[in-house]
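Shown next: work-v7.tsv, given as TSV, C-alpha atoms.
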chain	number	residue	atom	x	y	z
P	224	MET	CA	-25.26	24.30	7.08
P	225	ARG	CA	-24.28	22.89	3.71
P	226	ALA	CA	-20.94	24.78	3.81
P	227	GLU	CA	-20.11	23.39	7.25
P	228	LEU	CA	-20.97	19.88	6.08
P	229	LEU	CA	-18.70	20.21	3.04
P	230	SER	CA	-15.87	21.39	5.29
P	231	LEU	CA	-16.24	18.30	7.46
P	232	VAL	CA	-16.33	16.09	4.37
P	233	TRP	CA	-13.06	17.50	3.01
P	234	LEU	CA	-11.40	17.20	6.39
P	235	ALA	CA	-12.53	13.59	6.64
P	236	VAL	CA	-11.33	12.81	3.11
P	237	THR	CA	-7.93	14.41	3.73
P	238	VAL	CA	-7.22	12.76	7.08
P	239	GLY	CA	-8.92	9.48	6.19
P	240	GLY	CA	-7.17	9.31	2.83
P	241	TYR	CA	-3.80	9.74	4.52
P	242	TYR	CA	-4.36	6.94	7.04
P	243	ALA	CA	-5.85	4.69	4.36
P	244	LEU	CA	-3.00	5.17	1.87
P	245	LYS	CA	-0.07	5.24	4.30
P	246	PRO	CA	-0.02	1.42	4.71
P	247	VAL	CA	0.32	1.14	0.93
P	248	TYR	CA	3.54	3.15	1.13
P	249	ARG	CA	4.80	0.99	4.00
P	250	ARG	CA	4.32	-2.17	1.95
P	251	HIS	CA	5.60	-0.65	-1.31
P	252	PRO	CA	7.95	2.25	-0.43
P	253	ARG	CA	8.19	3.96	-3.82
P	254	TRP	CA	7.86	7.63	-4.66
P	255	TRP	CA	4.60	7.06	-6.55
P	256	THR	CA	2.99	5.42	-3.49
P	257	SER	CA	3.92	8.27	-1.11
P	258	PRO	CA	0.87	9.87	0.61
P	259	LEU	CA	2.35	13.20	-0.46
P	260	LEU	CA	1.35	12.22	-3.99
P	261	THR	CA	-1.53	9.80	-3.57
P	262	VAL	CA	-3.61	11.91	-1.16
P	263	PRO	CA	-3.56	15.06	-3.36
P	264	LEU	CA	-4.45	12.89	-6.36
P	265	LEU	CA	-7.38	11.45	-4.42
P	266	LEU	CA	-8.53	14.95	-3.49
P	267	ALA	CA	-8.21	16.11	-7.09
P	268	LEU	CA	-10.20	13.15	-8.39
P	269	LEU	CA	-12.99	13.95	-5.93
P	270	GLY	CA	-12.76	17.72	-6.03
P	271	LEU	CA	-12.65	18.43	-9.76
P	272	PRO	CA	-16.02	16.82	-10.58
P	273	LEU	CA	-17.58	18.63	-7.60
P	274	GLY	CA	-16.18	22.01	-8.60
P	275	MET	CA	-13.95	22.35	-5.54
P	276	ASN	CA	-10.99	24.72	-6.02
P	277	TYR	CA	-7.80	25.17	-4.01
P	278	PRO	CA	-8.72	28.41	-2.14
P	279	VAL	CA	-12.00	26.87	-0.99
P	280	TYR	CA	-10.26	23.68	0.09
P	281	ILE	CA	-7.65	25.63	2.10
P	282	GLN	CA	-10.42	27.65	3.73
P	283	ASP	CA	-12.21	24.46	4.76
P	284	THR	CA	-9.09	22.72	6.05
P	285	HIS	CA	-7.12	25.70	7.39
P	286	TRP	CA	-6.74	24.17	10.85
P	287	LEU	CA	-4.54	21.46	9.38
P	288	VAL	CA	-2.15	24.19	8.22
P	289	LEU	CA	-2.31	25.85	11.66
P	290	MET	CA	-1.17	22.57	13.24
P	291	LEU	CA	2.13	22.92	11.38
P	292	GLY	CA	3.10	25.73	13.75
P	293	PRO	CA	3.49	23.59	16.89
P	294	ALA	CA	5.33	21.00	14.79
P	295	THR	CA	8.12	23.55	14.30
P	296	ALA	CA	9.00	23.37	18.01
P	297	ALA	CA	9.57	19.61	17.69
P	298	PHE	CA	12.45	20.25	15.30
P	299	ALA	CA	14.66	20.94	18.31
P	300	LEU	CA	14.47	17.27	19.32
P	301	PRO	CA	16.67	15.75	16.58
P	302	ILE	CA	19.23	18.51	17.05
P	303	PHE	CA	19.51	17.73	20.78
P	304	ARG	CA	19.36	13.97	20.30
P	305	TYR	CA	22.15	13.89	17.74
P	306	ARG	CA	24.25	16.78	19.06
P	307	ALA	CA	27.32	14.52	19.16
P	308	LEU	CA	26.90	13.80	15.46
P	309	ILE	CA	26.68	17.53	14.75
P	310	ARG	CA	29.86	18.22	16.71
P	311	ALA	CA	31.72	15.47	14.85
P	312	HIS	CA	30.63	16.43	11.33
P	313	TRP	CA	29.48	20.06	11.53
P	314	PRO	CA	31.84	21.36	8.77
P	315	ALA	CA	30.52	18.80	6.26
P	316	LEU	CA	26.92	19.31	7.38
P	317	MET	CA	27.11	23.09	7.12
P	318	ALA	CA	28.83	22.92	3.74
P	319	GLY	CA	26.09	20.63	2.43
P	320	VAL	CA	23.28	22.74	3.91
P	321	LEU	CA	24.72	26.03	2.64
P	322	GLY	CA	25.48	24.66	-0.81
P	323	GLY	CA	22.17	22.85	-1.15
P	324	SER	CA	20.11	25.84	0.02
P	325	ALA	CA	21.95	28.25	-2.26
P	326	MET	CA	21.50	25.93	-5.24
P	327	ALA	CA	17.79	25.41	-4.48
P	328	ILE	CA	17.08	29.14	-4.20
P	329	ALA	CA	19.15	30.13	-7.23
P	330	SER	CA	17.78	27.40	-9.50
P	331	ALA	CA	14.18	28.17	-8.50
P	332	TRP	CA	14.59	31.87	-9.19
P	333	VAL	CA	16.42	31.41	-12.51
P	334	LEU	CA	13.99	28.79	-13.85
P	335	ALA	CA	10.94	30.76	-12.72
P	336	THR	CA	12.31	33.92	-14.36
P	337	TRP	CA	13.18	32.02	-17.54
P	338	CYS	CA	9.62	30.65	-17.68
P	339	GLY	CA	8.18	34.14	-17.22
P	340	LEU	CA	6.28	33.36	-14.01
P	341	ASP	CA	4.58	36.05	-11.94
P	342	ASP	CA	6.72	37.69	-9.25
P	343	SER	CA	4.60	36.31	-6.39
P	344	VAL	CA	4.94	32.81	-7.84
P	345	ARG	CA	8.70	33.19	-8.15
P	346	ARG	CA	8.97	34.30	-4.54
P	347	SER	CA	6.74	31.42	-3.47
P	348	LEU	CA	9.10	28.97	-5.18
P	349	LEU	CA	12.22	30.09	-3.31
P	350	ALA	CA	11.39	28.22	-0.10
P	351	ARG	CA	10.26	25.01	-1.80
P	352	SER	CA	13.21	22.96	-0.54
P	353	ILE	CA	12.65	23.33	3.21
P	354	THR	CA	10.04	21.72	5.41
P	355	THR	CA	6.49	23.11	5.20
P	356	PRO	CA	6.11	25.06	8.50
P	357	LEU	CA	9.38	26.94	7.97
P	358	ALA	CA	8.82	27.28	4.22
P	359	MET	CA	5.52	29.08	4.82
P	360	LEU	CA	7.21	31.46	7.28
P	361	VAL	CA	9.99	32.24	4.81
P	362	SER	CA	7.50	32.69	1.96
P	363	ALA	CA	5.50	35.23	3.97
P	364	ASP	CA	8.68	37.14	4.87
P	365	ILE	CA	9.90	37.45	1.27
P	366	GLY	CA	6.56	38.37	-0.30
P	367	GLY	CA	5.41	34.96	-1.54
P	368	VAL	CA	2.12	33.15	-1.04
P	369	PRO	CA	2.52	30.68	1.87
P	370	GLU	CA	-0.28	28.38	0.67
P	371	LEU	CA	1.28	28.21	-2.78
P	372	THR	CA	4.68	27.54	-1.23
P	373	ALA	CA	3.18	24.61	0.70
P	374	LEU	CA	2.07	23.11	-2.62
P	375	PHE	CA	5.54	23.56	-4.10
P	376	VAL	CA	7.06	21.91	-1.01
P	377	VAL	CA	4.92	18.82	-1.59
P	378	ILE	CA	5.92	18.64	-5.26
P	379	THR	CA	9.59	19.06	-4.33
P	380	GLY	CA	9.32	16.29	-1.73
P	381	VAL	CA	7.88	13.79	-4.18
P	382	ALA	CA	10.38	14.72	-6.88
P	383	GLY	CA	13.23	14.60	-4.34
P	384	ILE	CA	12.35	11.04	-3.33
P	385	ALA	CA	12.29	9.90	-6.97
P	386	LEU	CA	15.54	11.63	-7.90
P	387	GLY	CA	17.21	10.61	-4.63
P	388	GLU	CA	16.62	6.93	-5.34
P	389	LEU	CA	18.12	7.41	-8.82
P	390	LEU	CA	21.14	9.32	-7.50
P	391	LEU	CA	21.89	6.67	-4.89
P	392	ARG	CA	22.15	4.11	-7.68
P	393	CYS	CA	24.26	6.34	-9.95
P	394	LEU	CA	26.59	8.17	-7.54
P	395	PRO	CA	29.29	6.57	-5.35
P	396	LEU	CA	27.84	7.86	-2.06
P	397	ARG	CA	29.22	5.33	0.40
P	398	SER	CA	28.91	7.24	3.70
P	399	ALA	CA	25.70	7.55	5.66
P	400	LEU	CA	26.46	11.25	6.06
P	401	ALA	CA	26.39	11.87	2.31
P	402	ARG	CA	23.32	9.71	1.67
P	403	GLY	CA	21.37	11.27	4.53
P	404	ALA	CA	22.28	14.85	3.60
P	405	LEU	CA	21.21	14.16	0.02
P	406	PHE	CA	17.65	13.40	1.13
P	407	GLY	CA	17.43	15.90	4.01
P	408	VAL	CA	18.56	18.95	2.04
P	409	GLY	CA	16.98	17.97	-1.27
P	410	ALA	CA	13.59	16.65	-0.15
P	411	HIS	CA	13.05	17.87	3.47
P	412	GLY	CA	10.48	15.79	5.43
P	413	ALA	CA	9.62	13.41	2.62
P	414	GLY	CA	13.30	12.79	1.98
P	415	THR	CA	13.95	12.23	5.67
P	416	ALA	CA	11.29	9.52	5.79
P	417	LYS	CA	12.90	7.90	2.75
P	418	ALA	CA	16.35	8.17	4.31
P	419	TYR	CA	15.13	6.15	7.31
P	420	ASP	CA	14.15	3.43	4.84
P	421	VAL	CA	17.78	3.39	3.68
P	422	GLY	CA	19.22	3.24	7.21
P	423	THR	CA	18.88	4.64	10.73
P	424	GLU	CA	22.02	6.74	10.54
P	425	GLU	CA	21.00	8.07	7.11
P	426	GLY	CA	17.65	9.07	8.57
P	427	SER	CA	19.27	10.83	11.52
P	428	VAL	CA	21.58	12.80	9.24
P	429	ALA	CA	18.69	13.67	6.92
P	430	SER	CA	16.67	14.93	9.89
P	431	LEU	CA	19.53	17.13	11.02
P	432	ALA	CA	20.16	18.45	7.52
P	433	MET	CA	16.46	19.22	7.07
P	434	VAL	CA	16.27	21.15	10.35
P	435	LEU	CA	19.50	23.06	9.73
P	436	ALA	CA	18.43	24.00	6.20
P	437	GLY	CA	15.07	25.23	7.49
P	438	LEU	CA	16.59	27.30	10.29
P	439	LEU	CA	19.19	28.76	7.94
P	440	ASN	CA	16.52	29.85	5.47
P	441	VAL	CA	14.42	31.42	8.23
P	442	LEU	CA	17.41	33.39	9.52
P	443	LEU	CA	18.37	34.57	6.03
P	444	ALA	CA	14.80	35.42	4.96
P	445	PRO	CA	15.02	39.15	5.89
P	446	THR	CA	18.27	39.48	3.94
P	447	LEU	CA	16.77	37.66	0.96
P	448	ALA	CA	13.67	39.86	1.10
P	449	SER	CA	15.81	43.02	0.98
P	450	LEU	CA	17.76	41.68	-2.01
P	451	LEU	CA	14.55	40.98	-3.92
P	452	ARG	CA	13.20	44.52	-3.55
Will you turn the file into C-alpha coordinates for me?
Amino acid sequence: MRAELLSLVWLAVTVGGYYALKPVYRRHPRWWTSPLLTVPLLLALLGLPLGMNYPVYIQDTHWLVLMLGPATAAFALPIFRYRALIRAHWPALMAGVLGGSAMAIASAWVLATWCGLDDSVRRSLLARSITTPLAMLVSADIGGVPELTALFVVITGVAGIALGELLLRCLPLRSALARGALFGVGAHGAGTAKAYDVGTEEGSVASLAMVLAGLLNVLLAPTLASLLR
(Lines of atoms letter the chains of each structure in order from A and count residues from 1; the text may use other names and numbers.)
(Lines give C-alpha, C1' and ligand atoms only; values in the text may rest on other atoms or scores of the structure.)
Protein backbone atom coordinates (compact mmCIF):
# COMPACT_ATOMS: atom_id res chain seq x y z
CA MET A 1 0.00 0.00 0.00
CA ARG A 2 2.85 2.35 0.83
CA ALA A 3 4.44 1.75 -2.61
CA GLU A 4 1.19 2.56 -4.41
CA LEU A 5 0.80 5.73 -2.35
CA LEU A 6 4.33 6.86 -3.21
CA SER A 7 3.62 6.25 -6.90
CA LEU A 8 0.56 8.48 -6.72
CA VAL A 9 2.55 11.14 -4.88
CA TRP A 10 5.26 11.27 -7.55
CA LEU A 11 2.69 11.37 -10.31
CA ALA A 12 0.92 14.24 -8.56
CA VAL A 13 4.18 16.12 -8.02
CA THR A 14 5.24 15.69 -11.66
CA VAL A 15 1.94 16.72 -13.25
CA GLY A 16 1.11 19.33 -10.61
CA GLY A 17 4.60 20.81 -10.77
CA TYR A 18 4.32 21.20 -14.53
CA TYR A 19 0.97 23.02 -14.39
CA ALA A 20 2.14 25.15 -11.47
CA LEU A 21 5.42 26.23 -13.09
CA LYS A 22 4.22 26.63 -16.68
CA PRO A 23 2.60 30.05 -16.00
CA VAL A 24 5.98 31.25 -14.71
CA TYR A 25 7.49 30.46 -18.10
CA ARG A 26 4.63 32.25 -19.87
CA ARG A 27 5.26 35.42 -17.88
CA HIS A 28 9.06 35.17 -18.05
CA PRO A 29 9.99 33.13 -21.16
CA ARG A 30 13.64 32.39 -20.41
CA TRP A 31 15.49 29.09 -20.64
CA TRP A 32 15.94 28.92 -16.86
CA THR A 33 12.18 29.20 -16.29
CA SER A 34 11.29 26.40 -18.74
CA PRO A 35 9.31 23.53 -17.12
CA LEU A 36 11.83 21.21 -18.77
CA LEU A 37 14.33 22.53 -16.23
CA THR A 38 12.25 23.67 -13.29
CA VAL A 39 10.13 20.50 -12.91
CA PRO A 40 13.15 18.12 -12.81
CA LEU A 41 14.82 20.46 -10.30
CA LEU A 42 11.68 20.35 -8.15
CA LEU A 43 11.64 16.55 -8.33
CA ALA A 44 15.33 16.38 -7.44
CA LEU A 45 14.87 18.69 -4.46
CA LEU A 46 12.06 16.48 -3.17
CA GLY A 47 13.46 13.12 -4.22
CA LEU A 48 17.05 13.32 -2.98
CA PRO A 49 16.18 13.82 0.71
CA LEU A 50 13.63 10.99 0.46
CA GLY A 51 16.07 8.59 -1.16
CA MET A 52 14.18 8.38 -4.45
CA ASN A 53 16.32 7.32 -7.43
CA TYR A 54 15.70 7.57 -11.16
CA PRO A 55 14.82 3.88 -11.87
CA VAL A 56 12.25 3.92 -9.07
CA TYR A 57 10.79 7.21 -10.30
CA ILE A 58 10.47 5.87 -13.87
CA GLN A 59 8.80 2.73 -12.56
CA ASP A 60 6.27 4.81 -10.64
CA THR A 61 5.54 7.19 -13.51
CA HIS A 62 5.96 4.85 -16.49
CA TRP A 63 2.50 5.62 -17.87
CA LEU A 64 3.61 9.17 -18.59
CA VAL A 65 6.30 7.74 -20.87
CA LEU A 66 3.74 5.43 -22.51
CA MET A 67 1.62 8.47 -23.39
CA LEU A 68 4.44 9.68 -25.63
CA GLY A 69 3.56 6.93 -28.11
CA PRO A 70 0.19 8.35 -29.21
CA ALA A 71 1.79 11.79 -29.39
CA THR A 72 3.95 10.52 -32.25
CA ALA A 73 0.88 10.18 -34.49
CA ALA A 74 0.11 13.88 -33.98
CA PHE A 75 3.36 14.80 -35.71
CA ALA A 76 1.62 14.27 -39.05
CA LEU A 77 -0.55 17.34 -38.43
CA PRO A 78 2.08 20.08 -38.91
CA ILE A 79 3.39 18.33 -42.01
CA PHE A 80 -0.09 18.33 -43.58
CA ARG A 81 -0.95 21.82 -42.37
CA TYR A 82 2.19 23.40 -43.79
CA ARG A 83 2.64 21.19 -46.86
CA ALA A 84 2.78 24.29 -49.08
CA LEU A 85 5.69 25.60 -47.04
CA ILE A 86 7.48 22.27 -47.44
CA ARG A 87 6.98 22.30 -51.21
CA ALA A 88 8.32 25.84 -51.45
CA HIS A 89 11.41 25.36 -49.29
CA TRP A 90 12.07 21.61 -49.21
CA PRO A 91 15.70 21.82 -50.49
CA ALA A 92 16.68 24.25 -47.71
CA LEU A 93 14.70 22.32 -45.09
CA MET A 94 16.24 18.98 -46.05
CA ALA A 95 19.73 20.46 -46.16
CA GLY A 96 19.27 21.89 -42.67
CA VAL A 97 17.76 18.69 -41.28
CA LEU A 98 20.42 16.45 -42.82
CA GLY A 99 23.28 18.70 -41.77
CA GLY A 100 21.93 19.30 -38.28
CA SER A 101 21.22 15.62 -37.64
CA ALA A 102 24.63 14.53 -38.91
CA MET A 103 26.37 17.14 -36.76
CA ALA A 104 24.35 16.19 -33.67
CA ILE A 105 25.10 12.47 -34.02
CA ALA A 106 28.78 12.94 -34.87
CA SER A 107 29.46 15.46 -32.09
CA ALA A 108 27.67 13.30 -29.50
CA TRP A 109 29.64 10.20 -30.45
CA VAL A 110 33.02 11.97 -30.62
CA LEU A 111 32.58 13.83 -27.32
CA ALA A 112 31.25 10.74 -25.54
CA THR A 113 34.19 8.67 -26.83
CA TRP A 114 36.66 11.40 -25.87
CA CYS A 115 35.20 11.46 -22.34
CA GLY A 116 35.49 7.68 -22.08
CA LEU A 117 31.77 7.05 -21.51
CA ASP A 118 30.28 3.56 -21.47
CA ASP A 119 29.11 2.21 -24.83
CA SER A 120 25.44 2.13 -23.79
CA VAL A 121 25.68 5.76 -22.69
CA ARG A 122 27.27 6.76 -25.97
CA ARG A 123 24.51 5.06 -27.93
CA SER A 124 21.91 6.70 -25.71
CA LEU A 125 23.37 10.12 -26.53
CA LEU A 126 23.07 9.76 -30.30
CA ALA A 127 19.34 10.48 -30.43
CA ARG A 128 19.43 13.40 -27.99
CA SER A 129 18.58 16.02 -30.63
CA ILE A 130 15.19 14.67 -31.74
CA THR A 131 11.87 14.77 -29.93
CA THR A 132 11.38 12.34 -27.04
CA PRO A 133 8.98 9.71 -28.49
CA LEU A 134 11.10 9.22 -31.61
CA ALA A 135 14.37 9.53 -29.68
CA MET A 136 13.38 6.63 -27.43
CA LEU A 137 12.51 4.50 -30.47
CA VAL A 138 15.85 5.27 -32.12
CA SER A 139 17.74 4.63 -28.87
CA ALA A 140 16.16 1.18 -28.51
CA ASP A 141 17.00 0.33 -32.14
CA ILE A 142 20.69 1.24 -31.84
CA GLY A 143 21.32 -0.40 -28.46
CA GLY A 144 20.94 2.60 -26.15
CA VAL A 145 18.85 3.01 -23.01
CA PRO A 146 15.57 4.77 -23.96
CA GLU A 147 14.99 6.19 -20.46
CA LEU A 148 18.50 7.62 -20.41
CA THR A 149 17.98 9.06 -23.88
CA ALA A 150 14.82 10.80 -22.65
CA LEU A 151 16.93 12.52 -19.97
CA PHE A 152 19.50 13.61 -22.56
CA VAL A 153 16.69 14.98 -24.75
CA VAL A 154 15.51 17.19 -21.90
CA ILE A 155 19.03 18.50 -21.26
CA THR A 156 19.51 19.16 -24.99
CA GLY A 157 16.20 21.04 -25.15
CA VAL A 158 17.09 23.37 -22.29
CA ALA A 159 20.60 23.96 -23.64
CA GLY A 160 19.21 24.49 -27.15
CA ILE A 161 16.86 27.23 -25.94
CA ALA A 162 19.70 29.03 -24.16
CA LEU A 163 22.13 28.76 -27.07
CA GLY A 164 19.42 29.56 -29.62
CA GLU A 165 18.65 32.87 -27.95
CA LEU A 166 22.38 33.70 -27.98
CA LEU A 167 22.80 32.70 -31.64
CA LEU A 168 19.84 34.81 -32.73
CA ARG A 169 21.57 37.85 -31.23
CA CYS A 170 24.99 37.02 -32.71
CA LEU A 171 24.19 35.62 -36.17
CA PRO A 172 22.58 37.53 -39.06
CA LEU A 173 19.61 35.15 -39.41
CA ARG A 174 17.03 37.40 -41.04
CA SER A 175 14.63 34.83 -42.54
CA ALA A 176 11.96 33.03 -40.57
CA LEU A 177 13.07 29.82 -42.27
CA ALA A 178 16.59 30.04 -40.84
CA ARG A 179 15.47 31.10 -37.36
CA GLY A 180 12.82 28.39 -37.15
CA ALA A 181 15.11 25.63 -38.42
CA LEU A 182 17.73 26.67 -35.86
CA PHE A 183 15.36 25.91 -32.99
CA GLY A 184 13.55 22.93 -34.54
CA VAL A 185 16.66 20.94 -35.46
CA GLY A 186 18.78 22.02 -32.50
CA ALA A 187 16.27 21.83 -29.64
CA HIS A 188 13.29 19.74 -30.91
CA GLY A 189 10.04 20.35 -28.95
CA ALA A 190 11.48 22.84 -26.49
CA GLY A 191 13.01 24.80 -29.34
CA THR A 192 9.75 24.74 -31.28
CA ALA A 193 7.92 26.28 -28.33
CA LYS A 194 10.59 28.97 -28.15
CA ALA A 195 10.39 29.56 -31.90
CA TYR A 196 6.67 30.34 -31.56
CA ASP A 197 7.66 33.03 -29.05
CA VAL A 198 9.83 34.56 -31.79
CA GLY A 199 7.10 34.42 -34.45
CA THR A 200 4.32 32.26 -35.89
CA GLU A 201 6.19 31.45 -39.09
CA GLU A 202 9.35 30.63 -37.12
CA GLY A 203 7.31 28.26 -34.98
CA SER A 204 5.79 26.57 -38.01
CA VAL A 205 9.20 26.04 -39.60
CA ALA A 206 10.63 24.77 -36.31
CA SER A 207 7.76 22.28 -36.02
CA LEU A 208 8.39 21.00 -39.52
CA ALA A 209 12.13 20.76 -38.97
CA MET A 210 11.61 18.90 -35.70
CA VAL A 211 9.27 16.35 -37.31
CA LEU A 212 11.48 15.84 -40.36
CA ALA A 213 14.58 15.39 -38.21
CA GLY A 214 12.78 12.83 -36.05
CA LEU A 215 11.45 10.85 -39.01
CA LEU A 216 14.85 10.91 -40.70
CA ASN A 217 16.55 9.54 -37.60
CA VAL A 218 13.95 6.79 -37.22
CA LEU A 219 14.40 5.73 -40.85
CA LEU A 220 18.20 5.74 -40.57
CA ALA A 221 18.29 3.97 -37.18
CA PRO A 222 18.77 0.43 -38.63
CA THR A 223 21.64 1.66 -40.79
CA LEU A 224 23.22 3.45 -37.83
CA ALA A 225 22.83 0.36 -35.67
CA SER A 226 24.66 -1.78 -38.25
CA LEU A 227 27.50 0.76 -38.45
CA LEU A 228 27.94 0.72 -34.68
CA ARG A 229 28.35 -3.06 -34.47
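Closest to Gly270 (chain P) among P:Tyr419, P:Trp337, P:Tyr305, P:Trp233 is P:Trp233, based on all atoms listed in the file.
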Separation of CA of Ser362 (chain P) from CA of Val279 (chain P) in Å = 20.6 Å
Write out as an MDAnalysis selection string which residues come within 10 Å of Leu439 (chain P) when counting only C-alpha atoms, dropping same-chain ones fewer than 2 positions away.
-> chainID P and resid 317 320:321 324 353 357 433:437 441:444
Which residue of P:Ser343, P:Thr379, P:Ser257, P:Ser430 approaches Ala327 (chain P) most closely, using all atoms listed in the file |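 Between P:Ser343, P:Thr379, P:Ser257, P:Ser430, the residue approaching Ala327 (chain P) most closely is P:Thr379.
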Calculate, to one decimal in Å, the centre and edge lengths of the box along x, y and z of the file that holds all listed atoms of region 384-402 of chain P with 8 Å of margin on each side, and present them as AutoDock Vina command-line options.
--center_x 20.8 --center_y 8.0 --center_z -1.9 --size_x 33.0 --size_y 23.8 --size_z 32.0
Interatomic distance, CA of Ala373 (chain P) to CA of Arg306 (chain P) (Å, one decimal) = 29.0 Å
Find the spatial neighbours of Val428 (chain P), counting only C-alpha atoms, within a cut-off of 8 Å - ignore same-chain residues fewer than 3 positions away - and output them as number ranges by chain.
-> P: 399-400, 403-404, 407, 424-425, 431-432
Distance criterion (all atoms listed in the file): nearest to Ser347 (chain P) out of P:Ala448, P:Leu316, P:Leu271, P:Cys393 = P:Ala448
Pick from P:Val344, P:Leu287, P:Ala235, P:Ala267, whichever lies nearest to Pro356 (chain P) using only C-alpha atoms =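 Among the listed residues, the smallest separation from Pro356 (chain P) belongs to P:Leu287.
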Could you tell me how far CA of Asn440 (chain P) lies from CA of Ile365 (chain P), in Å and to one decimal?
->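 Interatomic distance here is 10.9 Å.
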